[in-house]
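protein_14.pdb (PDB, C-alpha atoms and all ligand atoms)
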```pdb
ATOM      1  CA  MET A   1      46.789 192.116  18.301  1.00  0.00           C
ATOM      2  CA  ALA A   2      46.010 193.967  15.087  1.00  0.00           C
ATOM      3  CA  GLY A   3      49.385 193.079  13.643  1.00  0.00           C
ATOM      4  CA  VAL A   4      48.775 189.316  13.766  1.00  0.00           C
ATOM      5  CA  ASP A   5      46.862 189.352  10.484  1.00  0.00           C
ATOM      6  CA  ALA A   6      49.782 191.041   8.754  1.00  0.00           C
ATOM      7  CA  GLY A   7      51.179 187.617   7.950  1.00  0.00           C
ATOM      8  CA  GLU A   8      52.497 184.591   9.743  1.00  0.00           C
ATOM      9  CA  ARG A   9      56.051 183.659   8.862  1.00  0.00           C
ATOM     10  CA  VAL A  10      56.868 180.015   8.362  1.00  0.00           C
ATOM     11  CA  PRO A  11      59.972 178.216   7.102  1.00  0.00           C
ATOM     12  CA  CYS A  12      59.740 176.756   3.597  1.00  0.00           C
ATOM     13  CA  PRO A  13      60.046 172.952   3.942  1.00  0.00           C
ATOM     14  CA  SER A  14      62.095 172.801   0.759  1.00  0.00           C
ATOM     15  CA  CYS A  15      64.685 175.572   1.039  1.00  0.00           C
ATOM     16  CA  GLY A  16      64.245 176.519   4.701  1.00  0.00           C
ATOM     17  CA  GLN A  17      63.827 180.199   3.952  1.00  0.00           C
ATOM     18  CA  THR A  18      61.394 181.988   6.250  1.00  0.00           C
ATOM     19  CA  VAL A  19      58.608 183.455   4.176  1.00  0.00           C
ATOM     20  CA  LEU A  20      55.104 184.826   4.678  1.00  0.00           C
ATOM     21  CA  GLN A  21      52.644 181.957   4.804  1.00  0.00           C
ATOM     22  CA  LYS A  22      50.224 184.035   2.716  1.00  0.00           C
ATOM     23  CA  ALA A  23      52.791 184.145  -0.075  1.00  0.00           C
ATOM     24  CA  MET A  24      53.361 180.393  -0.105  1.00  0.00           C
ATOM     25  CA  ILE A  25      51.873 178.159  -2.789  1.00  0.00           C
ATOM     26  CA  PRO A  26      50.017 174.902  -1.979  1.00  0.00           C
ATOM     27  CA  ILE A  27      51.649 171.848  -3.513  1.00  0.00           C
ATOM     28  CA  LEU A  28      50.100 168.400  -3.772  1.00  0.00           C
ATOM     29  CA  GLY A  29      52.274 165.550  -2.573  1.00  0.00           C
ATOM     30  CA  ASP A  30      52.979 162.373  -4.531  1.00  0.00           C
ATOM     31  CA  GLY A  31      49.716 160.667  -5.449  1.00  0.00           C
ATOM     32  CA  GLY A  32      47.776 163.612  -4.087  1.00  0.00           C
ATOM     33  CA  THR A  33      48.437 162.485  -0.526  1.00  0.00           C
ATOM     34  CA  GLY A  34      49.355 165.237   1.842  1.00  0.00           C
ATOM     35  CA  MET A  35      49.474 168.846   0.828  1.00  0.00           C
ATOM     36  CA  GLY A  36      52.341 171.105   1.686  1.00  0.00           C
ATOM     37  CA  TYR A  37      53.259 174.700   1.107  1.00  0.00           C
ATOM     38  CA  LEU A  38      56.348 175.905  -0.699  1.00  0.00           C
ATOM     39  CA  CYS A  39      57.739 179.395  -1.135  1.00  0.00           C
ATOM     40  CA  VAL A  40      57.244 181.021  -4.548  1.00  0.00           C
ATOM     41  CA  ALA A  41      60.807 180.230  -5.648  1.00  0.00           C
ATOM     42  CA  CYS A  42      60.465 176.507  -4.857  1.00  0.00           C
ATOM     43  CA  ALA A  43      56.986 176.314  -6.399  1.00  0.00           C
ATOM     44  CA  ARG A  44      58.302 177.985  -9.536  1.00  0.00           C
ATOM     45  CA  ALA A  45      61.151 175.482  -9.693  1.00  0.00           C
ATOM     46  CA  LEU A  46      58.594 172.673  -9.668  1.00  0.00           C
ATOM     47  CA  ILE A  47      56.539 174.329 -12.391  1.00  0.00           C
ATOM     48  CA  THR A  48      59.493 175.180 -14.674  1.00  0.00           C
ATOM     49  CA  PRO A  49      59.901 171.673 -16.200  1.00  0.00           C
ATOM     50  CA  VAL A  50      56.285 171.879 -17.409  1.00  0.00           C
ATOM     51  CA  ALA A  51      56.883 175.304 -18.951  1.00  0.00           C
ATOM     52  CA  ASP A  52      59.973 173.983 -20.745  1.00  0.00           C
ATOM     53  CA  ALA A  53      57.778 171.468 -22.565  1.00  0.00           C
ATOM     54  CA  ASP A  54      55.871 174.244 -24.341  1.00  0.00           C
ATOM     55  CA  PRO A  55      58.612 175.312 -26.812  1.00  0.00           C
ATOM     56  CA  GLY A  56      58.814 171.724 -28.087  1.00  0.00           C
ATOM     57  CA  GLY A  57      55.091 171.774 -28.810  1.00  0.00           C
ATOM     58  CA  GLN A  58      55.432 175.090 -30.619  1.00  0.00           C
ATOM     59  CA  ASP A  59      58.241 173.663 -32.748  1.00  0.00           C
ATOM     60  CA  ALA A  60      55.976 170.811 -33.793  1.00  0.00           C
ATOM     61  CA  ASP A  61      53.282 173.303 -34.752  1.00  0.00           C
ATOM     62  CA  ALA A  62      55.787 175.330 -36.767  1.00  0.00           C
ATOM     63  CA  ASP A  63      56.898 172.223 -38.636  1.00  0.00           C
ATOM     64  CA  ALA A  64      53.299 171.399 -39.495  1.00  0.00           C
ATOM     65  CA  ALA A  65      52.772 174.956 -40.770  1.00  0.00           C
ATOM     66  CA  GLU A  66      55.869 174.698 -42.959  1.00  0.00           C
ATOM     67  CA  GLU A  67      54.638 171.440 -44.425  1.00  0.00           C
ATOM     68  CA  ALA A  68      51.247 173.008 -45.160  1.00  0.00           C
ATOM     69  CA  GLU A  69      52.964 175.951 -46.865  1.00  0.00           C
ATOM     70  CA  ALA A  70      55.099 173.606 -48.965  1.00  0.00           C
ATOM     71  CA  ALA A  71      52.003 171.669 -50.001  1.00  0.00           C
ATOM     72  CA  GLN A  72      50.320 174.862 -51.204  1.00  0.00           C
ATOM     73  CA  ALA A  73      53.361 176.044 -53.165  1.00  0.00           C
TER      74      ALA A  73
HETATM   75 ZN    ZN A 101      61.472 177.409  -0.696  1.00  0.00          ZN
END
```
Can you present the structure in this file as structure tokens?
Ligand SMILES: [Zn+2]
Amino acid sequence: MAGVDAGERVPCPSCGQTVLQKAMIPILGDGGTGMGYLCVACARALITPVADADPGGQDADADAAEEAEAAQA
């Protein structure tokens, strides 16, 4: 029975791929009701849109820095 702790394999509810449950990432459902687990690839896909928003924020910061430089010159 020592091998049981090695990792239970469960199917990802999103993509159906069988992955180690330990490696899955907990995801909150809509409105925080019901928590599910997704494989790393699916969890990353959910997180990616948030990461894409960062470059836009950096652009805004760069614009502000340019304006400050222009004001000094
Ligand atoms: Zn998946």
(request) Write as an MDAnalysis selection string the residues around ligand ZN 101 (chain A), taking 6 Å as the cut-off and counting all atoms listed in the file. (result) chainID A and resid 12 14:15 17 38:39 41:42
File of the preceding selection, C-alpha atoms, as a PDB file, in the frame of the given file:
```pdb
ATOM      1  CA  CYS A  12      59.740 176.756   3.597  1.00  0.00           C
ATOM      2  CA  SER A  14      62.095 172.801   0.759  1.00  0.00           C
ATOM      3  CA  CYS A  15      64.685 175.572   1.039  1.00  0.00           C
ATOM      4  CA  GLN A  17      63.827 180.199   3.952  1.00  0.00           C
ATOM      5  CA  LEU A  38      56.348 175.905  -0.699  1.00  0.00           C
ATOM      6  CA  CYS A  39      57.739 179.395  -1.135  1.00  0.00           C
ATOM      7  CA  ALA A  41      60.807 180.230  -5.648  1.00  0.00           C
ATOM      8  CA  CYS A  42      60.465 176.507  -4.857  1.00  0.00           C
TER       9      CYS A  42
END
```
(message) Given all atoms listed in the file as the basis, pick out the residue of A:Thr48, A:Ala43, A:Glu67, A:Gly31 nearest to Pro13 (chain A).
(response) A:Ala43
(request) Quick one: apply the PyMOL selection byres (((chain A and resi 22-26) around 12) and not hetatm) to the file and drop the selected residues here as a VMD selection string. (result) chain A and resid 5 to 14 17 to 21 27 to 29 32 34 to 47
